[in-house]
Amino acid sequence: MEYNFLEIEKRWQEFWAKNGTFKVETDPSKPKYYVLDMFPYPSGAGLHVGHPLGYIASDIFSRYKRLKGFNVLHPMGYDAFGLPAEQYAIQTGQHPAHTTEKNISRYREQLDRIGFSYDWSREVRTCDPSYYKWTQWAFLEMFAHWYDLTAQKAKPITELISIFEKEGNTKINASCGDITLFTAQEWEKMSESEKESTLMQYRIAYLGETSVNWCAALGTVLANDEVKEGLSVRGGHPVEQKKMKQWQLRVSAYAERLLNDLDKVDWSDSLKEMQRNWIGRSEGAEMIFKVSNGSDEYDMVIFTTRADTVFGVTFMVLAPESEWVEKLTTPAQKEAVDEYVKAAGRKTERERIAETKKVSGVFTGSYATNPFTGEQIPVWISEYVLAGYGTGAIMAVPAHDSRDYVFAKAYNLPIKPLIEGCDVSQESFDAKEGVMCNSGFLSGMNVKEAIPAAIEEVEKRGVGKRKVNFRLRDAIFSRQRYWGEPFPVYYKDGIAHPMSIEDLPLELPEVDKFLPTESGEPPLARAADWNYKGYPIEKSTMPGFAGSSAYYLRYMDPKNDGTLVSKEANGYWQDVDLYIGGTEHATGHLIYSRFWNKFLFDLGYVCKEEPFKKLVNQGMIQGRSNFVYRIKGTNKFVSLGLKDKYDTTEIHVDVNIVNNDKLDIDAFRKWMPDYANAEFELESGEYICGWAVEKMSKSMFNVVNPDMICENYGADTLRMYEMFLGPLEQSKPWDTKGIDGVNRFLKRFWRLFFENGNFALSDAEPTPQELKTLHKLIGKVESDIENFSFNTAVSAFMIALNELYDLKCNKRAVLEPFIVLLSSFAPHICEELWTLCGHEGSVSAASFPEYCEEYTIEDTFEYPVSFNGKMRFKLLLSKSLSAAEVEAVVRSNENTLRYTAESPIKKIIVVPGKIINVVI
RNA sequence: GCGGGCAUGGCGUAAUUGGUAGCCGCGCCAGACUUAGGAUCUGGUGCCGUAAGGCGUGGGGGUUCGAGUCCCUUUGCCCGCACCA
């Protein structure tokens, strides 16, 4: 009987769907295991062979855990709001919902062909109103809460109001915007709108003026992680800084917890490090400098991590956007300052980056007083100081900070070294080491002691305080687009009000066009009579990360209309045990999601503080492009080895008409009309193509489609081959040519069960050799799966199969366990063989043999040894190696075998299994 | 510039974690069965050498009886961050 994978795979996929094989319910009698994939954005291009890599790995793990007796939650859904569908709508007028729907069904078809064990009854789509109801709900909860830094917890805003009423805000330690202190009486006297704008400074979801990344081409703002090198990640359009009023999430309030709790999760070190850098905690001090513009005097606060260098401050620098600029600019300097600030404002982020090396700045005309030396020092403005970090103002210590140094050299400002023996004639001395000098009470101290000593003194003198700063900013939450979640917010007398939770979801209105209005308002402004109880509704929509921040919770209880996730469902499924996805979400989704989860945790809606216990980043699968070489000015193509003889142009050729780097010449002639009459210069009768590893993309003709692989080789082959390609976490190019190996393996595996075309298994007792092969396989595959080393597990299957062929083994007691082991990787063929073995339904591990170490012992082998003097040996000795055998060559002493002069050793018999030290 | 990672046959990789380097697969070579093979099976395949033998994990050095693995140094590639005071 032939291995007809097309028929087998289709039949079993239907069987699983019909029987709801992978549907799960909460079941307290079984341990739970939650395996999650990062759900895809359903793009119009469909899946290429690189996309399912992580899905295959997670599916293997899910099936494995099921066999191990776990109740496995393994859901899938779609991150369905997004820019491409909207861009497509702008071009074609087709509604994004329609495009999205179409793309989703294409994705679903492709996913189904690969044989995933998803519980599709739990599917979620972020663009579905019954789903985004809970995105909007979470936003309203954030609106209704503030963050208490003392308690490190989100609390209801109603509690804050009663505190205000009782004692004002003087004792409150909250994460908030710029506020002035007030008493209970002053709070009482505030108008309704004053009270609201005060509360807005405290809310976790708040509306505030901020400098945003504005992308004019897309007509919307972008988050920091959506911008790379001054260009939008999606589309690559230029992005500039602009001040706008935007909804924001107070992610920065959670910075400390987001940082600390990284220690609790099992993620790769590199990913944790990326998050740590993104959060960017730095300890230092805020210091107050008295500044004067000649008429008025102010207290200006700066942040520094090097309080110890305060004796070397020779000037101060403000960011051009700093609010101090206006106050400190003297009339004489006004013109120069205005021009500088204007020029800086005009620049895009990209231009600023490009000019990083250039130094520019302007003097304000004002002077500050060094709180320790009393010296008068000039206050400058320069772009190298960022408005968004610290207080937007710094004390400059050119001797010990390279940026200050460059600036001081450019504008001829004094440089005052503070560390004994350091040379600052060519560059600054940035290292935090050495002995301080010229530094008053700090002189003579080591830098490491001087830093805390300086901060202590700052606090003692009342000129500042210890302070921890974070780079993590609040998340800009407004997008001026159509295809996103609407904000459940309306405006009354210019004040933002939350809608009632009962009125959720607030659905997207229909619009005639998906473009901004002529007056520059977001597309939603086109819905003329869209209102809430007669009041206008917020016109921007939420960003992409809104819908993906809590989807893993919704999977636990996807149909619940009363709450995001019930206490029971959340209590059972708890958190994601294994999350598989790409690194590209390291500083976006994976931060927002953790923030969102912590917020819901504070409110008591979820029981776990961290959402993703273990995270594995699968590597990217790149394309492997092929090239042909055309002699310039002709239609003649020369094979790779001959191309240097001519002046040629390298041209991408479709990898699907190249086999093993050999061009299918007929297919090439048919591929494009231009090549119909192409001529070829061959080597050894063949046309050899060049190749390169590049991103998989249509324009490089290197896209390989999973459907095509399923059609030609089968889903089981695809699954195993993707795993066999190399370590899961490593990036690697796709190369179809190696696929025959795993395909051959499956065909041979199938044939093992047949004799003369008939299914035939022997019920005879297996031989020790056969059992050894089986148990070696069990041990290897189980440990490999647990360690996510899927490539070596596939090798182990191949080795075992080779051995079974050598042994001509067709014993049921060996092959049935083999099926069980393999079924995670190649489920279809295993289901089929399992049925042929006479079992009802899907593969199960009910009578699976336990891994037995006894059968793992390799044959002993002799290890040649040469001695010269003292040796320490660490040997792998078999437990089957009898004491007498060992005694014959060395004298045993517990775990140490001691060589003696009386028993000269020429050889030691070595067997893997146990480590024993041999001291000679 | 800072941080993280990687380097092994023609190719993808493996190596019991300091113990016979190159498992498994691709490709290639030879053979069998075949009208045929993009089917199947058998054998071979790190490099040099007819062989004996020698050389071999990017380069150099070190520790060790022993190093792909540990340490120092150097080169090359990949990823992340980037004026964060």
# chains A, B, ... in the order shown; residues from 1 in each chain; ligands from 1
>>> select_by_dssp(residues="range 49-163 of chain A", states="helix (DSSP H, G or I)", output="PDB file with N, CA and C atoms, in the first residue's frame")
ATOM      1  N   PRO A  52       4.993  29.577   9.421  1.00  0.00           N
ATOM      2  CA  PRO A  52       4.524  28.527  10.343  1.00  0.00           C
ATOM      3  C   PRO A  52       5.599  27.933  11.237  1.00  0.00           C
ATOM      4  N   LEU A  53       6.846  28.353  11.108  1.00  0.00           N
ATOM      5  CA  LEU A  53       7.923  27.732  11.888  1.00  0.00           C
ATOM      6  C   LEU A  53       7.587  27.652  13.377  1.00  0.00           C
ATOM      7  N   GLY A  54       7.223  28.789  13.941  1.00  0.00           N
ATOM      8  CA  GLY A  54       6.897  28.820  15.365  1.00  0.00           C
ATOM      9  C   GLY A  54       5.625  28.047  15.668  1.00  0.00           C
ATOM     10  N   TYR A  55       4.670  28.129  14.734  1.00  0.00           N
ATOM     11  CA  TYR A  55       3.402  27.418  14.948  1.00  0.00           C
ATOM     12  C   TYR A  55       3.618  25.912  14.981  1.00  0.00           C
ATOM     13  N   ILE A  56       4.545  25.442  14.118  1.00  0.00           N
ATOM     14  CA  ILE A  56       4.816  24.006  14.086  1.00  0.00           C
ATOM     15  C   ILE A  56       5.457  23.581  15.405  1.00  0.00           C
ATOM     16  N   ALA A  57       6.405  24.370  15.863  1.00  0.00           N
ATOM     17  CA  ALA A  57       7.078  24.044  17.131  1.00  0.00           C
ATOM     18  C   ALA A  57       6.067  24.002  18.280  1.00  0.00           C
ATOM     19  N   SER A  58       5.192  25.001  18.328  1.00  0.00           N
ATOM     20  CA  SER A  58       4.236  25.036  19.437  1.00  0.00           C
ATOM     21  C   SER A  58       3.228  23.903  19.302  1.00  0.00           C
ATOM     22  N   ASP A  59       2.914  23.530  18.072  1.00  0.00           N
ATOM     23  CA  ASP A  59       1.969  22.436  17.864  1.00  0.00           C
ATOM     24  C   ASP A  59       2.576  21.116  18.309  1.00  0.00           C
ATOM     25  N   ILE A  60       3.844  20.921  17.993  1.00  0.00           N
ATOM     26  CA  ILE A  60       4.530  19.709  18.435  1.00  0.00           C
ATOM     27  C   ILE A  60       4.515  19.648  19.957  1.00  0.00           C
ATOM     28  N   PHE A  61       4.811  20.783  20.562  1.00  0.00           N
ATOM     29  CA  PHE A  61       4.846  20.800  22.028  1.00  0.00           C
ATOM     30  C   PHE A  61       3.465  20.543  22.623  1.00  0.00           C
ATOM     31  N   SER A  62       2.437  21.133  21.995  1.00  0.00           N
ATOM     32  CA  SER A  62       1.069  20.929  22.483  1.00  0.00           C
ATOM     33  C   SER A  62       0.667  19.472  22.399  1.00  0.00           C
ATOM     34  N   ARG A  63       0.940  18.863  21.258  1.00  0.00           N
ATOM     35  CA  ARG A  63       0.567  17.459  21.082  1.00  0.00           C
ATOM     36  C   ARG A  63       1.342  16.575  22.052  1.00  0.00           C
ATOM     37  N   TYR A  64       2.598  16.925  22.258  1.00  0.00           N
ATOM     38  CA  TYR A  64       3.426  16.176  23.198  1.00  0.00           C
ATOM     39  C   TYR A  64       2.851  16.255  24.617  1.00  0.00           C
ATOM     40  N   LYS A  65       2.477  17.496  25.005  1.00  0.00           N
ATOM     41  CA  LYS A  65       1.931  17.671  26.357  1.00  0.00           C
ATOM     42  C   LYS A  65       0.602  16.939  26.526  1.00  0.00           C
ATOM     43  N   ARG A  66      -0.212  16.906  25.468  1.00  0.00           N
ATOM     44  CA  ARG A  66      -1.469  16.169  25.525  1.00  0.00           C
ATOM     45  C   ARG A  66      -1.201  14.695  25.766  1.00  0.00           C
ATOM     46  N   LEU A  67      -0.212  14.168  25.050  1.00  0.00           N
ATOM     47  CA  LEU A  67       0.123  12.757  25.221  1.00  0.00           C
ATOM     48  C   LEU A  67       0.603  12.488  26.642  1.00  0.00           C
ATOM     49  N   LEU A  83      -2.862  48.682   9.582  1.00  0.00           N
ATOM     50  CA  LEU A  83      -2.671  49.648   8.517  1.00  0.00           C
ATOM     51  C   LEU A  83      -2.852  49.110   7.096  1.00  0.00           C
ATOM     52  N   PRO A  84      -2.299  47.953   6.748  1.00  0.00           N
ATOM     53  CA  PRO A  84      -2.394  47.530   5.345  1.00  0.00           C
ATOM     54  C   PRO A  84      -3.824  47.443   4.821  1.00  0.00           C
ATOM     55  N   ALA A  85      -4.734  46.894   5.626  1.00  0.00           N
ATOM     56  CA  ALA A  85      -6.121  46.780   5.170  1.00  0.00           C
ATOM     57  C   ALA A  85      -6.707  48.170   4.934  1.00  0.00           C
ATOM     58  N   GLU A  86      -6.300  49.127   5.774  1.00  0.00           N
ATOM     59  CA  GLU A  86      -6.804  50.486   5.625  1.00  0.00           C
ATOM     60  C   GLU A  86      -6.208  51.157   4.386  1.00  0.00           C
ATOM     61  N   GLN A  87      -4.916  50.954   4.164  1.00  0.00           N
ATOM     62  CA  GLN A  87      -4.272  51.516   2.975  1.00  0.00           C
ATOM     63  C   GLN A  87      -4.923  50.961   1.713  1.00  0.00           C
ATOM     64  N   TYR A  88      -5.202  49.673   1.751  1.00  0.00           N
ATOM     65  CA  TYR A  88      -5.839  49.013   0.624  1.00  0.00           C
ATOM     66  C   TYR A  88      -7.231  49.606   0.412  1.00  0.00           C
ATOM     67  N   ALA A  89      -7.905  49.904   1.520  1.00  0.00           N
ATOM     68  CA  ALA A  89      -9.243  50.495   1.440  1.00  0.00           C
ATOM     69  C   ALA A  89      -9.184  51.881   0.825  1.00  0.00           C
ATOM     70  N   ILE A  90      -8.152  52.636   1.176  1.00  0.00           N
ATOM     71  CA  ILE A  90      -8.015  53.983   0.627  1.00  0.00           C
ATOM     72  C   ILE A  90      -7.829  53.907  -0.882  1.00  0.00           C
ATOM     73  N   GLN A  91      -7.042  52.921  -1.311  1.00  0.00           N
ATOM     74  CA  GLN A  91      -6.781  52.791  -2.750  1.00  0.00           C
ATOM     75  C   GLN A  91      -7.975  52.256  -3.526  1.00  0.00           C
ATOM     76  N   THR A  92      -8.680  51.307  -2.949  1.00  0.00           N
ATOM     77  CA  THR A  92      -9.712  50.606  -3.725  1.00  0.00           C
ATOM     78  C   THR A  92     -11.139  50.924  -3.281  1.00  0.00           C
ATOM     79  N   PRO A  96     -12.217  47.808   4.873  1.00  0.00           N
ATOM     80  CA  PRO A  96     -11.167  46.994   5.501  1.00  0.00           C
ATOM     81  C   PRO A  96     -11.726  45.714   6.134  1.00  0.00           C
ATOM     82  N   ALA A  97     -12.962  45.775   6.603  1.00  0.00           N
ATOM     83  CA  ALA A  97     -13.548  44.582   7.219  1.00  0.00           C
ATOM     84  C   ALA A  97     -13.664  43.467   6.187  1.00  0.00           C
ATOM     85  N   HIS A  98     -13.973  43.861   4.990  1.00  0.00           N
ATOM     86  CA  HIS A  98     -14.136  42.883   3.908  1.00  0.00           C
ATOM     87  C   HIS A  98     -12.789  42.262   3.526  1.00  0.00           C
ATOM     88  N   THR A  99     -11.796  43.136   3.324  1.00  0.00           N
ATOM     89  CA  THR A  99     -10.442  42.673   3.001  1.00  0.00           C
ATOM     90  C   THR A  99      -9.938  41.735   4.093  1.00  0.00           C
ATOM     91  N   THR A 100     -10.148  42.163   5.340  1.00  0.00           N
ATOM     92  CA  THR A 100      -9.659  41.385   6.473  1.00  0.00           C
ATOM     93  C   THR A 100     -10.306  40.004   6.499  1.00  0.00           C
ATOM     94  N   GLU A 101     -11.612  39.996   6.295  1.00  0.00           N
ATOM     95  CA  GLU A 101     -12.360  38.732   6.282  1.00  0.00           C
ATOM     96  C   GLU A 101     -11.797  37.774   5.231  1.00  0.00           C
ATOM     97  N   LYS A 102     -11.526  38.345   4.054  1.00  0.00           N
ATOM     98  CA  LYS A 102     -11.019  37.536   2.949  1.00  0.00           C
ATOM     99  C   LYS A 102      -9.637  36.971   3.293  1.00  0.00           C
ATOM    100  N   ASN A 103      -8.788  37.843   3.836  1.00  0.00           N
ATOM    101  CA  ASN A 103      -7.442  37.396   4.192  1.00  0.00           C
ATOM    102  C   ASN A 103      -7.474  36.328   5.275  1.00  0.00           C
ATOM    103  N   ILE A 104      -8.398  36.487   6.204  1.00  0.00           N
ATOM    104  CA  ILE A 104      -8.478  35.521   7.301  1.00  0.00           C
ATOM    105  C   ILE A 104      -8.851  34.142   6.764  1.00  0.00           C
ATOM    106  N   SER A 105      -9.808  34.103   5.838  1.00  0.00           N
ATOM    107  CA  SER A 105     -10.191  32.769   5.371  1.00  0.00           C
ATOM    108  C   SER A 105      -9.056  32.118   4.576  1.00  0.00           C
ATOM    109  N   ARG A 106      -8.294  32.938   3.888  1.00  0.00           N
ATOM    110  CA  ARG A 106      -7.120  32.390   3.190  1.00  0.00           C
ATOM    111  C   ARG A 106      -6.106  31.851   4.203  1.00  0.00           C
ATOM    112  N   TYR A 107      -5.867  32.617   5.269  1.00  0.00           N
ATOM    113  CA  TYR A 107      -4.944  32.167   6.320  1.00  0.00           C
ATOM    114  C   TYR A 107      -5.421  30.857   6.923  1.00  0.00           C
ATOM    115  N   ARG A 108      -6.722  30.820   7.183  1.00  0.00           N
ATOM    116  CA  ARG A 108      -7.271  29.639   7.839  1.00  0.00           C
ATOM    117  C   ARG A 108      -7.074  28.389   6.979  1.00  0.00           C
ATOM    118  N   GLU A 109      -7.312  28.548   5.668  1.00  0.00           N
ATOM    119  CA  GLU A 109      -7.102  27.426   4.750  1.00  0.00           C
ATOM    120  C   GLU A 109      -5.664  26.941   4.816  1.00  0.00           C
ATOM    121  N   GLN A 110      -4.747  27.900   4.774  1.00  0.00           N
ATOM    122  CA  GLN A 110      -3.328  27.536   4.782  1.00  0.00           C
ATOM    123  C   GLN A 110      -2.935  26.862   6.091  1.00  0.00           C
ATOM    124  N   LEU A 111      -3.445  27.406   7.189  1.00  0.00           N
ATOM    125  CA  LEU A 111      -3.108  26.838   8.501  1.00  0.00           C
ATOM    126  C   LEU A 111      -3.674  25.423   8.617  1.00  0.00           C
ATOM    127  N   ASP A 112      -4.904  25.252   8.159  1.00  0.00           N
ATOM    128  CA  ASP A 112      -5.547  23.935   8.277  1.00  0.00           C
ATOM    129  C   ASP A 112      -4.778  22.849   7.535  1.00  0.00           C
ATOM    130  N   ARG A 113      -4.179  23.238   6.424  1.00  0.00           N
ATOM    131  CA  ARG A 113      -3.459  22.227   5.629  1.00  0.00           C
ATOM    132  C   ARG A 113      -2.243  21.685   6.353  1.00  0.00           C
ATOM    133  N   TRP A 120     -10.190  25.698  17.559  1.00  0.00           N
ATOM    134  CA  TRP A 120     -10.718  26.832  16.804  1.00  0.00           C
ATOM    135  C   TRP A 120     -12.014  27.377  17.386  1.00  0.00           C
ATOM    136  N   SER A 121     -12.610  26.646  18.297  1.00  0.00           N
ATOM    137  CA  SER A 121     -13.843  27.175  18.888  1.00  0.00           C
ATOM    138  C   SER A 121     -13.525  28.389  19.763  1.00  0.00           C
ATOM    139  N   ARG A 122     -12.233  28.589  20.037  1.00  0.00           N
ATOM    140  CA  ARG A 122     -11.848  29.722  20.884  1.00  0.00           C
ATOM    141  C   ARG A 122     -11.248  30.870  20.083  1.00  0.00           C
ATOM    142  N   PRO A 129     -16.397  43.251  17.203  1.00  0.00           N
ATOM    143  CA  PRO A 129     -16.912  44.066  18.316  1.00  0.00           C
ATOM    144  C   PRO A 129     -17.049  43.310  19.632  1.00  0.00           C
ATOM    145  N   SER A 130     -17.406  42.020  19.566  1.00  0.00           N
ATOM    146  CA  SER A 130     -17.553  41.277  20.816  1.00  0.00           C
ATOM    147  C   SER A 130     -16.190  41.065  21.466  1.00  0.00           C
ATOM    148  N   TYR A 131     -15.106  41.181  20.667  1.00  0.00           N
ATOM    149  CA  TYR A 131     -13.764  41.122  21.235  1.00  0.00           C
ATOM    150  C   TYR A 131     -13.315  42.506  21.686  1.00  0.00           C
ATOM    151  N   TYR A 132     -13.459  43.505  20.809  1.00  0.00           N
ATOM    152  CA  TYR A 132     -12.870  44.805  21.183  1.00  0.00           C
ATOM    153  C   TYR A 132     -13.684  45.531  22.251  1.00  0.00           C
ATOM    154  N   LYS A 133     -14.863  44.991  22.516  1.00  0.00           N
ATOM    155  CA  LYS A 133     -15.577  45.452  23.701  1.00  0.00           C
ATOM    156  C   LYS A 133     -14.648  45.414  24.917  1.00  0.00           C
ATOM    157  N   TRP A 134     -13.830  44.373  24.998  1.00  0.00           N
ATOM    158  CA  TRP A 134     -12.983  44.200  26.195  1.00  0.00           C
ATOM    159  C   TRP A 134     -11.689  44.995  26.106  1.00  0.00           C
ATOM    160  N   THR A 135     -11.321  45.372  24.896  1.00  0.00           N
ATOM    161  CA  THR A 135     -10.203  46.300  24.744  1.00  0.00           C
ATOM    162  C   THR A 135     -10.660  47.670  25.229  1.00  0.00           C
ATOM    163  N   GLN A 136     -11.874  48.032  24.823  1.00  0.00           N
ATOM    164  CA  GLN A 136     -12.436  49.320  25.258  1.00  0.00           C
ATOM    165  C   GLN A 136     -12.688  49.331  26.760  1.00  0.00           C
ATOM    166  N   TRP A 137     -13.151  48.214  27.244  1.00  0.00           N
ATOM    167  CA  TRP A 137     -13.400  48.103  28.692  1.00  0.00           C
ATOM    168  C   TRP A 137     -12.118  48.332  29.492  1.00  0.00           C
ATOM    169  N   ALA A 138     -11.041  47.707  29.046  1.00  0.00           N
ATOM    170  CA  ALA A 138      -9.768  47.863  29.753  1.00  0.00           C
ATOM    171  C   ALA A 138      -9.326  49.324  29.728  1.00  0.00           C
ATOM    172  N   PHE A 139      -9.550  49.959  28.579  1.00  0.00           N
ATOM    173  CA  PHE A 139      -9.209  51.381  28.485  1.00  0.00           C
ATOM    174  C   PHE A 139     -10.007  52.196  29.510  1.00  0.00           C
ATOM    175  N   LEU A 140     -11.284  51.921  29.622  1.00  0.00           N
ATOM    176  CA  LEU A 140     -12.106  52.656  30.595  1.00  0.00           C
ATOM    177  C   LEU A 140     -11.634  52.409  32.020  1.00  0.00           C
ATOM    178  N   GLU A 141     -11.212  51.177  32.298  1.00  0.00           N
ATOM    179  CA  GLU A 141     -10.685  50.883  33.631  1.00  0.00           C
ATOM    180  C   GLU A 141      -9.401  51.687  33.876  1.00  0.00           C
ATOM    181  N   MET A 142      -8.580  51.806  32.858  1.00  0.00           N
ATOM    182  CA  MET A 142      -7.346  52.584  33.015  1.00  0.00           C
ATOM    183  C   MET A 142      -7.681  54.062  33.215  1.00  0.00           C
ATOM    184  N   PHE A 143      -8.726  54.482  32.544  1.00  0.00           N
ATOM    185  CA  PHE A 143      -9.184  55.866  32.711  1.00  0.00           C
ATOM    186  C   PHE A 143      -9.656  56.090  34.148  1.00  0.00           C
ATOM    187  N   ILE A 157      -9.886  55.901  40.875  1.00  0.00           N
ATOM    188  CA  ILE A 157      -9.786  57.350  40.896  1.00  0.00           C
ATOM    189  C   ILE A 157     -10.747  57.930  41.945  1.00  0.00           C
ATOM    190  N   THR A 158     -11.814  57.194  42.256  1.00  0.00           N
ATOM    191  CA  THR A 158     -12.764  57.658  43.283  1.00  0.00           C
ATOM    192  C   THR A 158     -12.072  57.779  44.640  1.00  0.00           C
ATOM    193  N   GLU A 159     -11.134  56.850  44.884  1.00  0.00           N
ATOM    194  CA  GLU A 159     -10.374  56.930  46.142  1.00  0.00           C
ATOM    195  C   GLU A 159      -9.515  58.188  46.167  1.00  0.00           C
ATOM    196  N   LEU A 160      -8.971  58.504  44.999  1.00  0.00           N
ATOM    197  CA  LEU A 160      -8.115  59.682  44.902  1.00  0.00           C
ATOM    198  C   LEU A 160      -8.931  60.938  45.183  1.00  0.00           C
ATOM    199  N   ILE A 161     -10.149  60.973  44.646  1.00  0.00           N
ATOM    200  CA  ILE A 161     -11.009  62.141  44.855  1.00  0.00           C
ATOM    201  C   ILE A 161     -11.305  62.324  46.344  1.00  0.00           C
ATOM    202  N   SER A 162     -11.580  61.207  47.036  1.00  0.00           N
ATOM    203  CA  SER A 162     -11.887  61.380  48.458  1.00  0.00           C
ATOM    204  C   SER A 162     -10.659  61.808  49.251  1.00  0.00           C
ATOM    205  N   ILE A 163      -9.470  61.418  48.787  1.00  0.00           N
ATOM    206  CA  ILE A 163      -8.249  61.925  49.435  1.00  0.00           C
ATOM    207  C   ILE A 163      -8.123  63.434  49.203  1.00  0.00           C
TER     208      ILE A 163
END
>>> closest_atom_pairs(of="chain B", to="chain A", cutoff="6 Å", atoms="only C-alpha atoms (C1' of nucleotides)", output="CSV")
residue,atom,partner,partner_atom,distance
B:G4,C1',A:Ser270,CA,5.8
B:C24,C1',A:Ser795,CA,4.8
B:G25,C1',A:Gly741,CA,5.8
B:C26,C1',A:Gly738,CA,4.8
B:C65,C1',A:Met871,CA,5.0
B:C83,C1',A:Tyr384,CA,5.3
B:A85,C1',A:Thr304,CA,5.7
>>> residues_around(residues="G76 in chain B", least_positions_apart="6", cutoff="12 Å", atoms="only C-alpha atoms (C1' of nucleotides)", output="list of chain:residue names")
B:C6, B:A7, B:G58, B:G59
>>> residues_around(residues="Lys808 in chain A", least_positions_apart="2", cutoff="12 Å", atoms="only C-alpha atoms (C1' of nucleotides)", output="ChimeraX atom specification")
/A:751-755,761-762,766-767,769-770,800-806,810-811,814-815
>>> write_last_selection(atoms="N, CA, C and O atoms", output="short mmCIF file (atom, residue, chain, number, x, y, z; two decimals), in the first residue's frame")
data_model
loop_
_atom_site.label_atom_id
_atom_site.label_comp_id
_atom_site.auth_asym_id
_atom_site.auth_seq_id
_atom_site.Cartn_x
_atom_site.Cartn_y
_atom_site.Cartn_z
N ARG A 751 6.59 2.17 5.11
CA ARG A 751 6.86 0.86 4.54
C ARG A 751 7.22 -0.18 5.60
O ARG A 751 7.04 -1.37 5.40
N LEU A 752 7.72 0.32 6.71
CA LEU A 752 8.11 -0.60 7.79
C LEU A 752 6.91 -1.43 8.26
O LEU A 752 7.06 -2.52 8.79
N PHE A 753 5.71 -0.89 8.06
CA PHE A 753 4.53 -1.55 8.58
C PHE A 753 3.92 -2.54 7.56
O PHE A 753 2.93 -3.16 7.83
N PHE A 754 4.52 -2.58 6.37
CA PHE A 754 3.93 -3.39 5.31
C PHE A 754 4.87 -4.47 4.84
O PHE A 754 6.09 -4.31 4.87
N GLU A 755 4.27 -5.57 4.40
CA GLU A 755 5.05 -6.64 3.82
C GLU A 755 4.30 -7.09 2.58
O GLU A 755 3.11 -7.45 2.67
N LEU A 761 2.14 -6.62 11.16
CA LEU A 761 2.96 -6.42 12.36
C LEU A 761 3.09 -7.75 13.07
O LEU A 761 2.18 -8.57 13.07
N SER A 762 4.23 -7.92 13.70
CA SER A 762 4.44 -9.15 14.46
C SER A 762 4.17 -8.90 15.93
O SER A 762 4.54 -7.86 16.46
N PRO A 766 9.94 -8.33 21.45
CA PRO A 766 11.09 -7.67 20.82
C PRO A 766 12.40 -8.18 21.39
O PRO A 766 12.45 -8.62 22.54
N THR A 767 13.43 -8.10 20.60
CA THR A 767 14.76 -8.49 21.06
C THR A 767 15.35 -7.35 21.89
O THR A 767 14.89 -6.21 21.79
N GLN A 769 18.04 -5.85 21.41
CA GLN A 769 18.54 -4.86 20.46
C GLN A 769 17.42 -3.90 20.06
O GLN A 769 17.60 -2.68 20.02
N GLU A 770 16.27 -4.46 19.74
CA GLU A 770 15.13 -3.65 19.30
C GLU A 770 14.65 -2.74 20.44
O GLU A 770 14.35 -1.57 20.23
N ALA A 800 16.83 5.99 14.62
CA ALA A 800 16.08 4.84 15.11
C ALA A 800 15.51 4.04 13.94
O ALA A 800 15.55 2.80 13.94
N LEU A 801 14.99 4.75 12.96
CA LEU A 801 14.41 4.05 11.81
C LEU A 801 15.48 3.24 11.06
O LEU A 801 15.26 2.09 10.70
N ASN A 802 16.64 3.86 10.89
CA ASN A 802 17.73 3.13 10.24
C ASN A 802 18.07 1.86 11.00
O ASN A 802 18.27 0.81 10.42
N GLU A 803 18.10 1.98 12.31
CA GLU A 803 18.44 0.80 13.13
C GLU A 803 17.36 -0.27 13.00
O GLU A 803 17.66 -1.46 12.90
N LEU A 804 16.10 0.16 13.01
CA LEU A 804 15.02 -0.82 12.90
C LEU A 804 15.04 -1.51 11.54
O LEU A 804 14.74 -2.70 11.44
N TYR A 805 15.43 -0.79 10.52
CA TYR A 805 15.57 -1.42 9.20
C TYR A 805 16.69 -2.44 9.23
O TYR A 805 16.57 -3.53 8.68
N ASP A 806 17.80 -2.07 9.85
CA ASP A 806 18.92 -3.01 9.95
C ASP A 806 18.49 -4.27 10.68
O ASP A 806 18.93 -5.37 10.36
N ASN A 810 9.66 -5.56 12.77
CA ASN A 810 8.26 -5.20 12.51
C ASN A 810 7.40 -5.57 13.70
O ASN A 810 6.26 -5.98 13.57
N LYS A 811 7.99 -5.44 14.89
CA LYS A 811 7.28 -5.84 16.12
C LYS A 811 6.34 -4.74 16.58
O LYS A 811 6.73 -3.58 16.70
N VAL A 814 7.35 -2.48 19.43
CA VAL A 814 8.34 -1.43 19.17
C VAL A 814 7.72 -0.33 18.32
O VAL A 814 7.90 0.86 18.58
N LEU A 815 6.97 -0.72 17.30
CA LEU A 815 6.48 0.26 16.33
C LEU A 815 5.33 1.11 16.87
O LEU A 815 5.22 2.29 16.52
#
>>> residues_around(residues="range 47-56 of chain B", least_positions_apart="5", cutoff="12 Å", atoms="only C-alpha atoms (C1' of nucleotides)", output="list of chain:residue names")
B:U8, B:G9, B:A21, B:G22, B:G68
